[in-house]
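Participant: Sharing final.txt here; it has compact mmCIF, C-alpha atoms.
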```
# COMPACT_ATOMS: atom_id res chain seq x y z
CA MET C 16 -118.02 -7.75 48.25
CA VAL C 17 -114.82 -6.28 49.66
CA SER C 18 -116.27 -6.23 53.17
CA ASN C 19 -117.52 -9.82 52.86
CA SER C 20 -114.13 -11.03 51.66
CA LYS C 21 -112.50 -9.15 54.51
CA VAL C 22 -114.80 -10.83 57.03
CA MET C 23 -113.87 -14.20 55.55
CA GLN C 24 -110.17 -13.44 55.88
CA GLU C 25 -110.54 -12.18 59.44
CA VAL C 26 -112.48 -15.28 60.46
CA GLU C 27 -109.75 -17.46 58.95
CA ASN C 28 -107.21 -15.71 61.17
CA PHE C 29 -109.05 -16.99 64.24
CA VAL C 30 -109.34 -20.56 62.97
CA VAL C 31 -106.71 -23.23 63.44
CA PRO C 32 -104.96 -23.62 60.05
CA ARG C 33 -105.79 -27.31 59.67
CA TYR C 34 -109.50 -26.54 60.03
CA ARG C 35 -109.53 -24.08 57.13
CA LYS C 36 -109.64 -26.88 54.58
CA GLU C 37 -111.86 -29.22 56.55
CA LYS C 38 -114.89 -30.46 54.61
CA ASN C 39 -118.45 -30.69 55.88
CA ILE C 40 -120.81 -33.60 55.35
CA GLU C 41 -121.38 -32.39 51.78
CA GLY C 42 -117.67 -32.46 51.04
CA LYS C 43 -117.32 -28.68 50.85
CA THR C 44 -114.61 -26.53 52.37
CA PRO C 45 -115.38 -23.13 53.95
CA LEU C 46 -113.96 -21.38 50.89
CA MET C 47 -116.19 -23.39 48.56
CA ILE C 48 -119.25 -22.49 50.62
CA PHE C 49 -118.24 -18.84 50.66
CA ASN C 50 -117.86 -18.80 46.88
CA GLU C 51 -121.24 -20.45 46.38
CA GLU C 52 -123.04 -18.11 48.77
CA HIS C 53 -121.56 -15.03 47.12
CA GLU C 54 -121.78 -16.13 43.50
CA LYS C 55 -124.49 -13.62 42.58
CA LEU C 56 -122.71 -10.83 44.44
CA VAL C 57 -119.46 -11.62 42.64
CA THR C 58 -121.28 -11.47 39.31
CA SER C 59 -122.93 -8.12 40.03
CA GLU C 60 -119.77 -6.59 41.46
CA GLY C 61 -117.80 -7.87 38.50
CA GLN C 62 -120.22 -6.27 36.06
CA TRP C 63 -119.96 -2.96 37.92
CA MET C 64 -116.17 -3.06 37.86
CA ARG C 65 -116.10 -3.92 34.16
CA GLY C 66 -118.45 -1.06 33.35
CA MET C 67 -116.44 1.38 35.40
CA ALA C 68 -113.15 0.18 33.92
CA ASN C 69 -114.49 0.51 30.37
CA SER C 70 -115.72 4.05 30.99
CA CYS C 71 -112.47 5.11 32.62
CA ILE C 72 -110.42 3.58 29.81
CA VAL C 73 -112.31 5.75 27.33
CA ALA C 74 -111.66 8.85 29.44
CA ALA C 75 -107.97 8.05 29.96
CA SER C 76 -107.52 7.27 26.27
CA LEU C 77 -109.04 10.62 25.30
CA VAL C 78 -106.65 12.39 27.66
CA ALA C 79 -103.70 10.51 26.16
CA ILE C 80 -104.77 11.42 22.62
CA VAL C 81 -105.23 15.09 23.47
CA VAL C 82 -101.93 15.55 25.29
CA PHE C 83 -100.03 13.58 22.65
CA ALA C 84 -101.42 15.83 19.93
CA ALA C 85 -100.57 18.90 22.03
CA ALA C 86 -96.98 17.70 22.40
CA ILE C 87 -96.59 17.48 18.62
CA ALA C 88 -98.30 20.78 17.80
CA VAL C 89 -96.65 22.95 20.45
CA PRO C 90 -98.30 26.29 21.26
CA GLY C 91 -97.01 29.11 19.07
CA GLY C 92 -95.41 26.74 16.58
CA ASN C 93 -91.72 26.37 15.78
CA SER C 94 -89.16 28.85 14.55
CA HIS C 95 -87.15 28.45 11.34
CA ASP C 96 -84.50 26.43 13.19
CA GLY C 97 -87.08 23.92 14.44
CA LEU C 98 -87.19 25.04 18.07
CA PRO C 99 -90.49 26.06 19.70
CA ILE C 100 -90.97 29.81 19.64
CA PHE C 101 -91.79 29.96 23.35
CA PHE C 102 -89.23 27.40 24.56
CA LYS C 103 -87.52 29.98 26.80
CA GLU C 104 -90.75 30.98 28.53
CA MET C 105 -91.53 29.55 31.98
CA ALA C 106 -95.11 28.87 30.94
CA PHE C 107 -93.85 26.72 28.07
CA LYS C 108 -91.70 24.66 30.44
CA ILE C 109 -94.74 24.14 32.65
CA PHE C 110 -96.73 23.10 29.60
CA ALA C 111 -94.08 20.62 28.44
CA ILE C 112 -93.58 18.98 31.84
CA LEU C 113 -97.26 18.66 32.70
CA ASP C 114 -98.18 17.52 29.20
CA ALA C 115 -95.67 14.69 29.53
CA LEU C 116 -96.94 13.81 33.01
CA ALA C 117 -100.51 13.77 31.71
CA LEU C 118 -99.52 11.38 28.93
CA PHE C 119 -97.65 8.98 31.20
CA SER C 120 -100.29 8.97 33.93
CA SER C 121 -103.15 8.49 31.46
CA LEU C 122 -101.36 5.51 29.89
CA SER C 123 -100.75 4.10 33.37
CA SER C 124 -104.44 4.54 34.08
CA VAL C 125 -105.37 2.67 30.89
CA LEU C 126 -103.10 -0.22 31.83
CA SER C 127 -104.54 -0.36 35.35
CA PHE C 128 -108.11 -0.53 34.08
CA LEU C 129 -107.13 -3.09 31.45
CA SER C 130 -105.81 -5.28 34.25
CA VAL C 131 -109.26 -5.01 35.85
CA LEU C 132 -110.94 -6.18 32.65
CA THR C 133 -108.58 -9.14 32.28
CA SER C 134 -108.92 -10.29 35.89
CA ARG C 135 -110.37 -13.72 36.69
CA TYR C 136 -112.94 -12.15 39.08
CA ALA C 137 -112.62 -14.81 41.75
CA ALA C 138 -114.18 -13.99 45.11
CA ILE C 139 -110.77 -13.60 46.75
CA ASP C 140 -109.74 -11.03 44.11
CA PHE C 141 -112.29 -8.59 45.51
CA LEU C 142 -110.38 -8.40 48.78
CA TYR C 143 -107.28 -6.50 47.64
CA ASP C 144 -106.40 -7.18 44.01
CA LEU C 145 -109.31 -5.59 42.13
CA PRO C 146 -109.84 -2.62 44.48
CA LYS C 147 -106.10 -1.87 44.34
CA ARG C 148 -106.17 -1.80 40.54
CA LEU C 149 -109.20 0.48 40.52
CA ILE C 150 -107.62 2.84 43.03
CA ILE C 151 -104.39 3.04 41.02
CA GLY C 152 -106.35 3.65 37.83
CA LEU C 153 -108.52 6.39 39.33
CA VAL C 154 -105.58 8.15 40.97
CA ASN C 155 -103.63 8.13 37.71
CA LEU C 156 -106.69 9.36 35.85
CA PHE C 157 -107.03 12.24 38.30
CA ILE C 158 -103.36 13.13 37.87
CA SER C 159 -103.66 13.03 34.09
CA VAL C 160 -106.77 15.22 34.03
CA THR C 161 -105.20 17.73 36.41
CA CYS C 162 -101.95 17.91 34.44
CA MET C 163 -103.82 18.21 31.16
CA VAL C 164 -105.91 21.11 32.44
CA ILE C 165 -102.88 22.96 33.79
CA ALA C 166 -100.91 22.33 30.59
CA PHE C 167 -103.82 23.63 28.51
CA SER C 168 -104.03 26.70 30.72
CA ALA C 169 -100.31 27.34 30.28
CA ALA C 170 -100.69 27.03 26.52
CA LEU C 171 -103.57 29.52 26.49
CA TYR C 172 -101.54 31.96 28.54
CA LEU C 173 -98.58 31.60 26.17
CA VAL C 174 -100.63 32.32 23.08
CA PHE C 175 -103.13 34.91 24.33
CA GLY C 176 -102.12 36.16 27.74
CA GLN C 177 -98.54 37.37 27.63
CA GLY C 178 -98.34 40.25 30.09
CA LYS C 179 -102.08 40.18 30.77
CA ALA C 180 -102.85 39.31 34.36
CA TRP C 181 -106.60 39.10 33.80
CA VAL C 182 -106.12 36.34 31.24
CA LEU C 183 -104.06 34.31 33.71
CA ILE C 184 -106.62 34.78 36.47
CA THR C 185 -109.53 33.88 34.20
CA VAL C 186 -107.85 30.78 32.82
CA ALA C 187 -106.77 29.62 36.29
CA THR C 188 -110.30 30.08 37.62
CA PHE C 189 -111.92 28.02 34.89
CA ALA C 190 -109.16 25.41 35.07
CA CYS C 191 -110.20 24.65 38.64
CA LEU C 192 -113.71 23.62 37.57
CA PRO C 193 -113.01 20.19 35.99
CA VAL C 194 -110.50 19.30 38.69
CA THR C 195 -112.97 20.26 41.41
CA LEU C 196 -115.75 18.28 39.73
CA PHE C 197 -113.53 15.21 39.52
CA VAL C 198 -112.69 15.47 43.21
CA LEU C 199 -116.31 15.97 44.25
CA LEU C 200 -117.64 13.13 42.10
CA GLN C 201 -114.89 10.52 42.37
CA PHE C 202 -113.11 11.18 45.67
CA PRO C 203 -115.89 9.59 47.81
CA LEU C 204 -115.57 6.40 45.77
CA ILE C 205 -111.78 6.33 46.09
CA ARG C 206 -111.99 7.06 49.81
CA ASN C 207 -114.50 4.27 50.40
CA MET C 208 -112.43 1.76 48.44
CA ILE C 209 -109.27 2.68 50.34
CA LYS C 210 -111.10 2.50 53.66
CA SER C 211 -112.76 -0.84 52.94
CA THR C 212 -109.61 -2.38 51.46
CA TYR C 213 -106.86 -1.05 53.71
CA GLY C 214 -108.88 0.01 56.73
CA PRO C 215 -108.52 -1.49 60.22
CA SER C 216 -109.68 -4.96 61.10
CA ILE C 217 -113.34 -5.39 61.96
CA PHE C 218 -112.44 -7.52 64.97
CA ARG C 219 -109.36 -5.81 66.32
CA LYS C 220 -108.13 -2.29 66.74
CA PRO C 221 -105.37 -1.13 64.36
CA SER C 222 -102.77 -1.08 67.15
CA GLU C 223 -103.68 -4.61 68.23
CA ARG C 224 -103.49 -5.86 64.67
CA ILE C 225 -100.00 -4.45 64.21
CA LEU C 226 -98.80 -6.16 67.40
CA LEU C 227 -100.37 -9.50 66.58
CA ASP C 228 -99.28 -9.54 62.94
```
Output the file's structure as structure tokens, nothing else.

Facilitator:
Amino acid sequence: MVSNSKVMQEVENFVVPRYRKEKNIEGKTPLMIFNEEHEKLVTSEGQWMRGMANSCIVAASLVAIVVFAAAIAVPGGNSHDGLPIFFKEMAFKIFAILDALALFSSLSSVLSFLSVLTSRYAAIDFLYDLPKRLIIGLVNLFISVTCMVIAFSAALYLVFGQGKAWVLITVATFACLPVTLFVLLQFPLIRNMIKSTYGPSIFRKPSERILLD
């Protein structure tokens, strides 16, 4: 649907502005005809986006819950004066910073996907609006997952791996697995959406488009 909407926009750029709202013998404008011809495609694409947004909201919400709970129950607990026992350790600082980043990015992801669910799903929205929201949501979800994994690894090292290099190496190795899986499974989708949404014109070269625009 993104490519079809992009074709429509590119064709409009070649048409004299006053002809864009001209009606045919049936009293329909080009935009009305485009919407009618792509009604089924809009419906199917909208269902796919809703399903994806719902699934990603669940994932982002779980990340937010986990990192929020981790921020309250800090690794190692608190001392008698209320300060975290490991607050002077570098690993604890890494844990605190990345845990906060994971929380903020996961909440941003939830809001982005909520905006997808509340969209009007008009044909023109599939050109930039909806893909942009999905891209922002997926990027924030990736950031939150990555930060959560690193924060969890730092917490494990604080509790079990002080002075033990093999613990750090083992934790770091396994921490790469979920991040790598996310990249392998979701990066092609993000790349295709960015390419189809913000890629060069189908009628002109990128350099020509910059000069003409």

Participant: Choose the residue, out of C:Gly176, C:Pro203, C:Gly152, C:Pro90, that has the smallest atom-to-atom separation from Ser124 (chain C); count only C-alpha atoms.

Facilitator: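 For Ser124 (chain C), the nearest of the candidates is C:Gly152.
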
Participant: List the spatial neighbours of Tyr213 (chain C) as a VMD selection string - criterion: any atom at most 9 Å away, all atoms listed in the file, same-chain residues fewer than 4 positions off excluded.

Facilitator: chain C and resid 143 208 to 209

Participant: Taking all atoms listed in the file into account, name the residue in C:Ser211, C:Leu153, C:Ile100, C:Val82 that is nearest to Met67 (chain C).

Facilitator: C:Leu153

Participant: How far is it from CA of Met105 (chain C) to CA of Ala169 (chain C), in Å with one decimal?

Facilitator: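 Calculated distance between CA of Met105 (chain C) and CA of Ala169 (chain C) is 9.2 Å.
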
Participant: Please, what distance in Å, to one decimal, runs between CA of Val89 (chain C) and CA of Ala111 (chain C)?

Facilitator: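 Rounded to one decimal, the two atoms are 8.7 Å apart.
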
Participant: For a test of reading the model, state the distance in Å between CA of Thr161 (chain C) and CA of Leu145 (chain C), rounded to one decimal.

Facilitator: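 Value for the CA of Thr161 (chain C)-CA of Leu145 (chain C) distance: 24.4 Å.
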
Participant: Smallest atom-to-atom distance to Lys108 (chain C): which of C:Leu173, C:Ile72, C:Ser121, C:Ile151, using all atoms listed in the file?

Facilitator: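 Comparing C:Leu173, C:Ile72, C:Ser121, C:Ile151 against Lys108 (chain C), the winner is C:Leu173.
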
Participant: Nearest to Ser123 (chain C): which of C:Ile87, C:Asp140, C:Ala75, C:Val164 is it, counting only C-alpha atoms?

Facilitator: C:Ala75

Participant: Considering all atoms listed in the file, can you say which of C:Ala79, C:Leu196, C:Leu122, C:Leu149 comes closest to Gly66 (chain C)?

Facilitator: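 Going through C:Ala79, C:Leu196, C:Leu122, C:Leu149 one by one, the smallest distance to Gly66 (chain C) is for C:Leu149.
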
Participant: My list of candidates is C:Ser159, C:Gln62, C:Thr188, C:Asn207. Which is closest to Ile112 (chain C) when distances are computed with only C-alpha atoms?

Facilitator: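 Of C:Ser159, C:Gln62, C:Thr188, C:Asn207, the one nearest Ile112 (chain C), counting only C-alpha atoms, is C:Ser159.
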
Participant: Given the point (-100.6, 15.9, 26.9) in the file's coordinates, find the residues that have an atom at most 9 Å from it, counting all atoms listed in the file, and give them as a ChimeraX atom specification.

Facilitator: /C:78-86,110-111,113-119,159,162-163,166-167
